[in-house]
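Q: Just coords.cif, nothing more (mmCIF, C-alpha atoms and all ligand atoms):
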data_query
#
loop_
_atom_site.group_PDB
_atom_site.id
_atom_site.type_symbol
_atom_site.label_atom_id
_atom_site.label_comp_id
_atom_site.auth_asym_id
_atom_site.auth_seq_id
_atom_site.Cartn_x
_atom_site.Cartn_y
_atom_site.Cartn_z
ATOM 1 C CA MET A 1 0.000 0.000 0.000
ATOM 2 C CA SER A 2 1.325 3.465 -0.919
ATOM 3 C CA SER A 3 2.208 5.895 1.877
ATOM 4 C CA HIS A 4 -0.513 8.154 0.449
ATOM 5 C CA LYS A 5 -3.274 5.787 1.586
ATOM 6 C CA PRO A 6 -3.939 6.077 5.326
ATOM 7 C CA ALA A 7 -5.445 2.845 6.661
ATOM 8 C CA LYS A 8 -8.025 4.527 8.904
ATOM 9 C CA ASN A 9 -11.281 6.161 7.844
ATOM 10 C CA VAL A 10 -10.867 9.851 7.046
ATOM 11 C CA THR A 11 -12.795 12.138 9.404
ATOM 12 C CA LEU A 12 -12.969 15.889 9.990
ATOM 13 C CA THR A 13 -10.340 15.373 12.709
ATOM 14 C CA THR A 14 -8.000 13.815 10.116
ATOM 15 C CA LEU A 15 -8.381 16.854 7.842
ATOM 16 C CA GLN A 16 -7.882 19.262 10.741
ATOM 17 C CA SER A 17 -4.658 17.541 11.762
ATOM 18 C CA ILE A 18 -3.425 17.550 8.136
ATOM 19 C CA LYS A 19 -3.897 21.337 8.212
ATOM 20 C CA GLN A 20 -2.079 21.660 11.548
ATOM 21 C CA GLN A 21 0.869 19.649 10.219
ATOM 22 C CA GLY A 22 1.134 21.830 7.092
ATOM 23 C CA GLU A 23 0.328 18.872 4.839
ATOM 24 C CA LYS A 24 -2.197 18.513 1.985
ATOM 25 C CA PHE A 25 -5.223 16.324 1.296
ATOM 26 C CA ALA A 26 -6.805 15.246 -1.985
ATOM 27 C CA CYS A 27 -10.504 15.356 -2.898
ATOM 28 C CA LEU A 28 -12.415 14.330 -6.038
ATOM 29 C CA THR A 29 -16.022 14.218 -7.084
ATOM 30 C CA ALA A 30 -17.656 10.762 -7.246
ATOM 31 C CA TYR A 31 -21.123 9.835 -8.413
ATOM 32 C CA ASP A 32 -21.305 6.015 -8.377
ATOM 33 C CA ALA A 33 -20.193 2.977 -6.365
ATOM 34 C CA CYS A 34 -17.584 1.679 -8.803
ATOM 35 C CA PHE A 35 -15.627 4.941 -8.985
ATOM 36 C CA ALA A 36 -16.103 5.508 -5.251
ATOM 37 C CA THR A 37 -14.167 2.271 -4.603
ATOM 38 C CA ILE A 38 -11.397 3.133 -7.079
ATOM 39 C CA LEU A 39 -10.990 6.670 -5.670
ATOM 40 C CA SER A 40 -11.164 5.626 -2.060
ATOM 41 C CA GLU A 41 -8.640 2.818 -2.532
ATOM 42 C CA ALA A 42 -6.343 5.169 -4.481
ATOM 43 C CA GLY A 43 -6.073 7.395 -1.391
ATOM 44 C CA VAL A 44 -8.547 10.197 -2.144
ATOM 45 C CA ASP A 45 -9.387 11.668 1.270
ATOM 46 C CA VAL A 46 -12.727 13.317 0.455
ATOM 47 C CA LEU A 47 -15.314 12.095 -2.066
ATOM 48 C CA LEU A 48 -17.723 14.856 -3.082
ATOM 49 C CA VAL A 49 -21.085 13.888 -4.523
ATOM 50 C CA GLY A 50 -21.194 17.212 -6.325
ATOM 51 C CA ASP A 51 -24.160 18.790 -8.037
ATOM 52 C CA SER A 52 -21.710 19.019 -10.959
ATOM 53 C CA LEU A 53 -23.394 15.702 -11.793
ATOM 54 C CA GLY A 54 -26.021 17.862 -13.492
ATOM 55 C CA MET A 55 -23.371 18.897 -16.021
ATOM 56 C CA VAL A 56 -21.075 15.852 -16.327
ATOM 57 C CA LEU A 57 -23.661 13.051 -15.968
ATOM 58 C CA GLN A 58 -26.938 14.638 -17.034
ATOM 59 C CA GLY A 59 -25.634 16.971 -19.752
ATOM 60 C CA HIS A 60 -27.164 20.207 -18.479
ATOM 61 C CA ASP A 61 -25.338 23.510 -19.003
ATOM 62 C CA SER A 62 -25.521 24.385 -15.282
ATOM 63 C CA THR A 63 -26.125 22.700 -11.910
ATOM 64 C CA LEU A 64 -29.548 24.329 -11.470
ATOM 65 C CA PRO A 65 -31.729 21.405 -12.674
ATOM 66 C CA VAL A 66 -30.255 18.977 -10.090
ATOM 67 C CA THR A 67 -32.838 17.778 -7.541
ATOM 68 C CA MET A 68 -32.696 16.389 -4.016
ATOM 69 C CA ALA A 69 -33.781 13.006 -5.403
ATOM 70 C CA ASP A 70 -30.722 13.032 -7.721
ATOM 71 C CA MET A 71 -28.417 13.894 -4.824
ATOM 72 C CA VAL A 72 -29.835 11.252 -2.485
ATOM 73 C CA TYR A 73 -29.619 8.568 -5.196
ATOM 74 C CA HIS A 74 -25.971 9.307 -6.056
ATOM 75 C CA THR A 75 -24.969 9.697 -2.393
ATOM 76 C CA GLU A 76 -26.383 6.218 -1.697
ATOM 77 C CA CYS A 77 -24.418 4.819 -4.663
ATOM 78 C CA VAL A 78 -21.153 6.405 -3.528
ATOM 79 C CA LYS A 79 -21.679 5.290 0.067
ATOM 80 C CA ARG A 80 -21.906 1.657 -1.072
ATOM 81 C CA GLY A 81 -18.550 1.831 -2.889
ATOM 82 C CA ASN A 82 -16.663 4.043 -0.455
ATOM 83 C CA LYS A 83 -14.000 2.251 1.582
ATOM 84 C CA ARG A 84 -12.485 4.915 3.822
ATOM 85 C CA SER A 85 -12.936 8.451 2.489
ATOM 86 C CA LEU A 86 -14.944 11.276 4.037
ATOM 87 C CA LEU A 87 -18.175 11.517 2.033
ATOM 88 C CA MET A 88 -19.387 15.056 1.300
ATOM 89 C CA ALA A 89 -22.668 15.723 -0.525
ATOM 90 C CA ASP A 90 -24.007 18.924 -2.106
ATOM 91 C CA LEU A 91 -27.289 20.505 -1.126
ATOM 92 C CA PRO A 92 -28.545 21.407 -4.634
ATOM 93 C CA PHE A 93 -29.991 24.695 -5.915
ATOM 94 C CA MET A 94 -32.936 25.993 -3.835
ATOM 95 C CA SER A 95 -32.829 23.078 -1.389
ATOM 96 C CA TYR A 96 -31.777 25.262 1.586
ATOM 97 C CA SER A 97 -34.041 28.298 1.282
ATOM 98 C CA SER A 98 -36.042 27.857 4.521
ATOM 99 C CA GLU A 99 -35.091 26.373 7.881
ATOM 100 C CA THR A 100 -37.472 23.415 7.666
ATOM 101 C CA GLN A 101 -36.507 22.622 4.091
ATOM 102 C CA THR A 102 -32.784 22.849 4.943
ATOM 103 C CA LEU A 103 -33.072 20.510 7.927
ATOM 104 C CA GLU A 104 -35.145 17.938 6.028
ATOM 105 C CA ASN A 105 -32.840 17.958 2.997
ATOM 106 C CA ALA A 106 -29.579 17.884 4.959
ATOM 107 C CA ALA A 107 -30.960 15.004 7.043
ATOM 108 C CA ALA A 108 -31.882 13.130 3.837
ATOM 109 C CA LEU A 109 -28.281 13.421 2.586
ATOM 110 C CA MET A 110 -26.877 12.274 5.949
ATOM 111 C CA ARG A 111 -29.280 9.298 5.977
ATOM 112 C CA ALA A 112 -28.129 8.473 2.434
ATOM 113 C CA GLY A 113 -24.552 8.190 3.746
ATOM 114 C CA ALA A 114 -23.002 11.687 3.703
ATOM 115 C CA HIS A 115 -20.671 12.659 6.543
ATOM 116 C CA ILE A 116 -20.881 16.393 5.753
ATOM 117 C CA VAL A 117 -23.043 18.593 3.513
ATOM 118 C CA LYS A 118 -21.847 21.415 1.268
ATOM 119 C CA LEU A 119 -23.778 24.573 0.481
ATOM 120 C CA GLU A 120 -22.924 27.607 -1.607
ATOM 121 C CA GLY A 121 -22.981 31.227 -0.481
ATOM 122 C CA GLY A 122 -21.478 33.955 1.666
ATOM 123 C CA ALA A 123 -22.888 35.814 4.659
ATOM 124 C CA TRP A 124 -26.436 34.741 3.770
ATOM 125 C CA ILE A 125 -25.671 31.083 4.650
ATOM 126 C CA ALA A 126 -24.270 31.951 8.104
ATOM 127 C CA ASN A 127 -27.563 31.240 9.923
ATOM 128 C CA THR A 128 -28.065 28.042 7.907
ATOM 129 C CA THR A 129 -24.548 26.912 8.826
ATOM 130 C CA LYS A 130 -25.295 27.552 12.504
ATOM 131 C CA LEU A 131 -28.661 25.772 12.255
ATOM 132 C CA LEU A 132 -27.093 22.616 10.774
ATOM 133 C CA THR A 133 -23.908 22.389 12.810
ATOM 134 C CA GLU A 134 -25.766 22.945 16.101
ATOM 135 C CA ARG A 135 -27.873 19.891 15.193
ATOM 136 C CA GLY A 136 -24.849 17.698 14.466
ATOM 137 C CA ILE A 137 -24.636 18.085 10.693
ATOM 138 C CA PRO A 138 -21.166 19.248 9.619
ATOM 139 C CA VAL A 139 -21.014 21.952 6.932
ATOM 140 C CA CYS A 140 -18.617 22.816 4.119
ATOM 141 C CA ALA A 141 -19.252 26.394 2.931
ATOM 142 C CA HIS A 142 -18.546 26.881 -0.796
ATOM 143 C CA MET A 143 -17.421 30.432 -1.716
ATOM 144 C CA GLY A 144 -15.792 32.279 -4.630
ATOM 145 C CA LEU A 145 -17.338 31.031 -7.865
ATOM 146 C CA THR A 146 -20.629 29.506 -6.724
ATOM 147 C CA PRO A 147 -22.123 27.733 -9.780
ATOM 148 C CA GLN A 148 -25.679 27.759 -8.361
ATOM 149 C CA SER A 149 -25.516 31.588 -8.715
ATOM 150 C CA VAL A 150 -24.192 31.524 -12.282
ATOM 151 C CA ASN A 151 -27.085 33.659 -13.545
ATOM 152 C CA ARG A 152 -26.455 36.375 -10.967
ATOM 153 C CA ILE A 153 -22.677 36.281 -11.465
ATOM 154 C CA GLY A 154 -23.091 36.350 -15.257
ATOM 155 C CA GLY A 155 -20.969 33.284 -16.113
ATOM 156 C CA PHE A 156 -18.312 30.946 -14.743
ATOM 157 C CA HIS A 157 -15.745 33.681 -13.988
ATOM 158 C CA VAL A 158 -12.904 34.086 -11.467
ATOM 159 C CA GLN A 159 -14.173 35.856 -8.315
ATOM 160 C CA GLY A 160 -12.410 38.228 -5.882
ATOM 161 C CA ARG A 161 -10.188 39.903 -8.459
ATOM 162 C CA ASN A 162 -10.635 43.446 -7.139
ATOM 163 C CA THR A 163 -9.788 44.623 -3.624
ATOM 164 C CA ASP A 164 -13.381 45.222 -2.479
ATOM 165 C CA GLN A 165 -14.568 41.808 -3.690
ATOM 166 C CA ALA A 166 -11.549 40.108 -2.132
ATOM 167 C CA GLN A 167 -12.067 41.872 1.210
ATOM 168 C CA LEU A 168 -15.725 40.824 1.239
ATOM 169 C CA ILE A 169 -14.795 37.172 0.600
ATOM 170 C CA ILE A 170 -12.239 37.301 3.456
ATOM 171 C CA GLU A 171 -14.811 38.771 5.869
ATOM 172 C CA GLU A 172 -17.541 36.319 4.853
ATOM 173 C CA ALA A 173 -15.181 33.341 5.145
ATOM 174 C CA GLN A 174 -14.387 34.382 8.713
ATOM 175 C CA LEU A 175 -18.104 34.806 9.452
ATOM 176 C CA LEU A 176 -18.860 31.299 8.155
ATOM 177 C CA GLN A 177 -16.096 29.788 10.292
ATOM 178 C CA ASP A 178 -17.488 31.698 13.296
ATOM 179 C CA SER A 179 -20.959 30.335 12.448
ATOM 180 C CA GLY A 180 -19.679 26.769 12.746
ATOM 181 C CA ALA A 181 -18.515 25.786 9.233
ATOM 182 C CA ASN A 182 -16.130 22.827 9.436
ATOM 183 C CA ILE A 183 -14.548 23.271 6.000
ATOM 184 C CA LEU A 184 -14.399 26.122 3.484
ATOM 185 C CA LEU A 185 -14.218 25.444 -0.253
ATOM 186 C CA LEU A 186 -12.921 28.220 -2.528
ATOM 187 C CA GLU A 187 -13.592 27.934 -6.251
ATOM 188 C CA CYS A 188 -11.821 30.083 -8.873
ATOM 189 C CA VAL A 189 -10.276 32.851 -6.819
ATOM 190 C CA PRO A 190 -6.786 34.379 -7.209
ATOM 191 C CA CYS A 191 -4.147 32.290 -5.419
ATOM 192 C CA GLU A 192 -3.073 35.213 -3.183
ATOM 193 C CA LEU A 193 -6.637 35.535 -1.851
ATOM 194 C CA ALA A 194 -6.883 31.772 -1.218
ATOM 195 C CA LYS A 195 -3.586 31.881 0.693
ATOM 196 C CA THR A 196 -4.732 34.820 2.841
ATOM 197 C CA ILE A 197 -7.957 33.006 3.764
ATOM 198 C CA THR A 198 -6.240 29.628 4.370
ATOM 199 C CA ASP A 199 -3.693 31.295 6.698
ATOM 200 C CA LYS A 200 -6.377 33.311 8.521
ATOM 201 C CA LEU A 201 -8.866 30.498 9.187
ATOM 202 C CA ASP A 202 -8.453 27.604 11.627
ATOM 203 C CA ILE A 203 -10.586 25.213 9.543
ATOM 204 C CA PRO A 204 -9.210 23.399 6.466
ATOM 205 C CA VAL A 205 -9.722 25.182 3.140
ATOM 206 C CA ILE A 206 -10.211 23.179 -0.075
ATOM 207 C CA GLY A 207 -9.409 24.854 -3.382
ATOM 208 C CA ILE A 208 -10.309 24.391 -7.037
ATOM 209 C CA GLY A 209 -8.717 26.918 -9.344
ATOM 210 C CA ALA A 210 -7.488 28.651 -6.167
ATOM 211 C CA GLY A 211 -3.746 27.996 -6.275
ATOM 212 C CA PRO A 212 -1.337 25.820 -4.318
ATOM 213 C CA ASP A 213 -1.767 27.133 -0.766
ATOM 214 C CA THR A 214 -5.139 25.726 0.310
ATOM 215 C CA THR A 215 -5.028 22.693 2.632
ATOM 216 C CA GLY A 216 -6.898 20.447 0.187
ATOM 217 C CA GLN A 217 -7.402 20.341 -3.559
ATOM 218 C CA ILE A 218 -10.531 19.182 -5.361
ATOM 219 C CA MET A 219 -11.244 18.401 -9.007
ATOM 220 C CA VAL A 220 -14.188 17.059 -10.947
ATOM 221 C CA LEU A 221 -13.489 13.364 -11.719
ATOM 222 C CA HIS A 222 -14.284 13.768 -15.418
ATOM 223 C CA ASP A 223 -11.711 16.596 -15.668
ATOM 224 C CA VAL A 224 -8.927 14.493 -14.097
ATOM 225 C CA LEU A 225 -9.723 11.738 -16.613
ATOM 226 C CA GLY A 226 -9.894 14.157 -19.546
ATOM 227 C CA VAL A 227 -13.452 13.284 -20.592
ATOM 228 C CA SER A 228 -15.113 16.671 -19.930
ATOM 229 C CA PRO A 229 -16.151 18.640 -23.003
ATOM 230 C CA ILE A 230 -14.479 21.804 -21.672
ATOM 231 C CA THR A 231 -11.031 22.176 -20.063
ATOM 232 C CA PRO A 232 -10.717 25.169 -17.736
ATOM 233 C CA LYS A 233 -7.228 26.528 -16.975
ATOM 234 C CA PHE A 234 -7.068 24.804 -13.563
ATOM 235 C CA VAL A 235 -7.681 21.298 -14.949
ATOM 236 C CA LYS A 236 -5.033 18.621 -15.510
ATOM 237 C CA ASN A 237 -5.674 15.295 -17.289
ATOM 238 C CA PHE A 238 -3.876 12.688 -15.160
ATOM 239 C CA LEU A 239 -4.921 9.782 -17.406
ATOM 240 C CA LEU A 240 -2.583 10.919 -20.188
ATOM 241 C CA ASP A 241 0.589 9.785 -18.396
ATOM 242 C CA SER A 242 -0.889 6.874 -16.448
ATOM 243 C CA GLU A 243 0.671 3.451 -16.868
ATOM 244 C CA ASN A 244 -2.114 1.820 -14.875
ATOM 245 C CA GLY A 245 -5.268 3.221 -16.455
ATOM 246 C CA ILE A 246 -7.809 4.961 -14.237
ATOM 247 C CA PRO A 247 -6.512 3.710 -10.837
ATOM 248 C CA GLY A 248 -3.016 4.870 -11.863
ATOM 249 C CA ALA A 249 -4.335 8.306 -12.886
ATOM 250 C CA ILE A 250 -6.138 8.768 -9.573
ATOM 251 C CA GLU A 251 -3.081 7.658 -7.577
ATOM 252 C CA ALA A 252 -0.947 10.110 -9.583
ATOM 253 C CA TYR A 253 -3.399 12.927 -8.752
ATOM 254 C CA VAL A 254 -3.313 12.065 -5.031
ATOM 255 C CA ARG A 255 0.500 11.919 -5.027
ATOM 256 C CA ALA A 256 0.806 15.206 -6.936
ATOM 257 C CA VAL A 257 -1.473 16.995 -4.440
ATOM 258 C CA LYS A 258 0.213 15.549 -1.347
ATOM 259 C CA GLU A 259 3.704 16.222 -2.691
ATOM 260 C CA LYS A 260 2.621 19.806 -3.523
ATOM 261 C CA ARG A 261 3.286 19.380 -7.264
ATOM 262 C CA PHE A 262 -0.351 20.024 -8.257
ATOM 263 C CA PRO A 263 -1.615 22.614 -8.926
ATOM 264 C CA ALA A 264 1.349 24.084 -10.817
ATOM 265 C CA LYS A 265 1.690 27.704 -11.952
ATOM 266 C CA GLU A 266 -0.179 27.137 -15.204
ATOM 267 C CA HIS A 267 -3.267 25.993 -13.225
ATOM 268 C CA TRP A 268 -3.844 29.054 -11.057
ATOM 269 C CA PHE A 269 -5.058 32.668 -11.327
ATOM 270 C CA ASN A 270 -3.003 35.628 -10.036
HETATM 271 O O1 LIG B 1 -20.330 20.180 -7.605
HETATM 272 C C1 LIG B 1 -19.101 20.092 -7.634
HETATM 273 O O2 LIG B 1 -18.517 19.202 -8.251
HETATM 274 C C2 LIG B 1 -18.309 21.078 -6.905
HETATM 275 C C3 LIG B 1 -16.837 21.133 -7.181
HETATM 276 C C4 LIG B 1 -16.590 21.835 -8.447
HETATM 277 C C5 LIG B 1 -16.104 21.730 -6.064
HETATM 278 O O3 LIG B 1 -18.850 21.835 -6.165
#
Kindly transcribe the structure held in the file into structure tokens.
A:
Amino acid sequence: MSSHKPAKNVTLTTLQSIKQQGEKFACLTAYDACFATILSEAGVDVLLVGDSLGMVLQGHDSTLPVTMADMVYHTECVKRGNKRSLLMADLPFMSYSSETQTLENAAALMRAGAHIVKLEGGAWIANTTKLLTERGIPVCAHMGLTPQSVNRIGGFHVQGRNTDQAQLIIEEAQLLQDSGANILLLECVPCELAKTITDKLDIPVIGIGAGPDTTGQIMVLHDVLGVSPITPKFVKNFLLDSENGIPGAIEAYVRAVKEKRFPAKEHWFN
């Protein structure tokens, strides 16, 4: 077994201690049992049942059509294949707009096998974060580019590029930690901003298109395997150089993250 595959189940405590030791952890999206086993056995620490399934599995042009039924179904599939990774599941678009709805939907994902739920937003999800964490449901707050708000943002663009925007993201990240968030995920922000937030917060920060300094890195599985129709700047196809097919590609991704070789300069925004 490679040194990148801890024998024990990954928990929030594992991720916290990785942060304290200045090390890195690797995350990938997973949507079915078969890939969940491959990823988990290859040493991926966090499996995200992402609402990106609306785009990569269902063929939509955004994550907005994804339903709670979709998320519960795929979370159950991933749970059956998962061997040791922390299982995170997305609350989809408009599934956390009232307190009752949020509690019912987060509970459905936890019953389906999630260990933590992820929701998108800034200050406006602070009360929701408090509501869930006080009731024993861990929360990952997703900031920066939040795809569920693509229509308000006006496209899939890098966020936090000017000083006012960046300052707001820093303040809201702190607020979400103070409200009980267990993990922060930053998507498509300049690497300097991601570093500032990672250094400032006590909780682990996961990045995608956010540079090399976050505690964890995440990618969409289809991007790592080079089967997505579009290839954003922050994506690397690990299947190209694999000598052991898909398991080899996933192990190479995990190694590259943990040895701080991925992301490289060409994958981040300044
Ligand atoms: O849904 C998803 O796959 C995500 C990742 C892009 C972080 O949120």
Q: Which residues are near ligand LIG 1 (chain B) - at most 6 Å, using all atoms listed in the file? Format: as an MDAnalysis selection string.
A: chainID A and resid 29 50:52 220
Q: With distances taken over all atoms listed in the file, which residue among A:Asn182, A:Lys236, A:Gly144, A:His74 lies nearest Thr11 of chain A?
A: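 Closest candidate: A:Asn182.
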Q: For Phe93 of chain A, which residue out of A:Val150, A:Ala123, A:Ile116, A:Met143 is the nearest one, using all atoms listed in the file?
A: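 Among the listed residues, A:Val150 lies closest to Phe93 of chain A.
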Q: Can you list what the PyMOL selection byres (((chain A and resi 78) around 9) and not hetatm) grabs from this structure, as a ChimeraX atom specification?
A: /A:30-37,47,49,73-77,79-82,87,113
Q: Determine, using all atoms listed in the file, which residues of segment 7-88 of chain A have any atom at most 8 Å from an atom of segment 200-207 of chain A, and tabulate each with its shortest atom pair and distance in Å to one decimal place, rows ordered by chain and then rising number, as a tab-separated table.
A:
residue	atom	partner	partner_atom	distance
A:Leu15	CA	A:Pro204	CA	6.7
A:Gln16	CA	A:Pro204	CA	6.1
A:Lys19	CA	A:Pro204	CA	6.0
Q: Expand the PyMOL selection byres (((chain A and resi 266) around 10) and not hetatm) into the individual residues it matches in the shown file, reporting them as a count of residues only.
A: 12
Q: What does the PyMOL selection byres (((chain A and resi 169) around 9) and not hetatm) select in this file, as an mmCIF file with C-alpha atoms, keeping the file's coordinate frame?
A:
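Contents of the output file expr39.cif:
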data_model
loop_
_atom_site.group_PDB
_atom_site.id
_atom_site.type_symbol
_atom_site.label_atom_id
_atom_site.label_comp_id
_atom_site.auth_asym_id
_atom_site.auth_seq_id
_atom_site.Cartn_x
_atom_site.Cartn_y
_atom_site.Cartn_z
ATOM 1 C CA GLY A 122 -21.478 33.955 1.666
ATOM 2 C CA MET A 143 -17.421 30.432 -1.716
ATOM 3 C CA GLY A 144 -15.792 32.279 -4.630
ATOM 4 C CA GLY A 160 -12.410 38.228 -5.882
ATOM 5 C CA ASP A 164 -13.381 45.222 -2.479
ATOM 6 C CA GLN A 165 -14.568 41.808 -3.690
ATOM 7 C CA ALA A 166 -11.549 40.108 -2.132
ATOM 8 C CA GLN A 167 -12.067 41.872 1.210
ATOM 9 C CA LEU A 168 -15.725 40.824 1.239
ATOM 10 C CA ILE A 170 -12.239 37.301 3.456
ATOM 11 C CA GLU A 171 -14.811 38.771 5.869
ATOM 12 C CA GLU A 172 -17.541 36.319 4.853
ATOM 13 C CA ALA A 173 -15.181 33.341 5.145
ATOM 14 C CA GLN A 174 -14.387 34.382 8.713
ATOM 15 C CA LEU A 193 -6.637 35.535 -1.851
ATOM 16 C CA ILE A 197 -7.957 33.006 3.764
#
Q: To one decimal in Å, tell me the separation between atom CA of Gly216 of chain A and atom CA of Pro147 of chain A.
A: 19.6 Å
Q: Would you work out the distance separating atom CA of Pro92 of chain A from atom CA of Glu134 of chain A, expressed in Å to one decimal?
A: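 Here the two named atoms are 21.0 Å from each other.
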Q: Quick one: of A:Ala42, A:Ala107, A:Met94, A:Ala194, who's nearest to Thr63 of chain A, counting only C-alpha atoms?
A: A:Met94
Q: Have a look at atom CA of Glu104 of chain A and atom CA of Lys118 of chain A and let me know their distance in Å, one decimal.
A: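 Computed distance, atom CA of Glu104 of chain A to atom CA of Lys118 of chain A, equals 14.5 Å.
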Q: Taking into account all atoms listed in the file, which residue in the set A:Leu225, A:Leu103, A:Ser62, A:His157 is nearest to Gly245 of chain A?
A: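 Among A:Leu225, A:Leu103, A:Ser62, A:His157, it is A:Leu225 that comes nearest to Gly245 of chain A.
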Q: Closest to Ser40 of chain A among A:Asn162, A:Thr13, A:Ser85, A:Gln20, using only C-alpha atoms?
A: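 Looking only at the distances to Ser40 of chain A, the closest residue turns out to be A:Ser85.
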Q: So that I can check the surroundings of Ala106 of chain A, please list as a list in words every protein, DNA and RNA residue that reaches within 8 Å of it, counting all atoms listed in the file and ignoring chain neighbours fewer than 5 positions away.
A: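 Using all atoms listed in the file, the neighbours found are Leu91, Val117, Leu132 and Ile137 of chain A.
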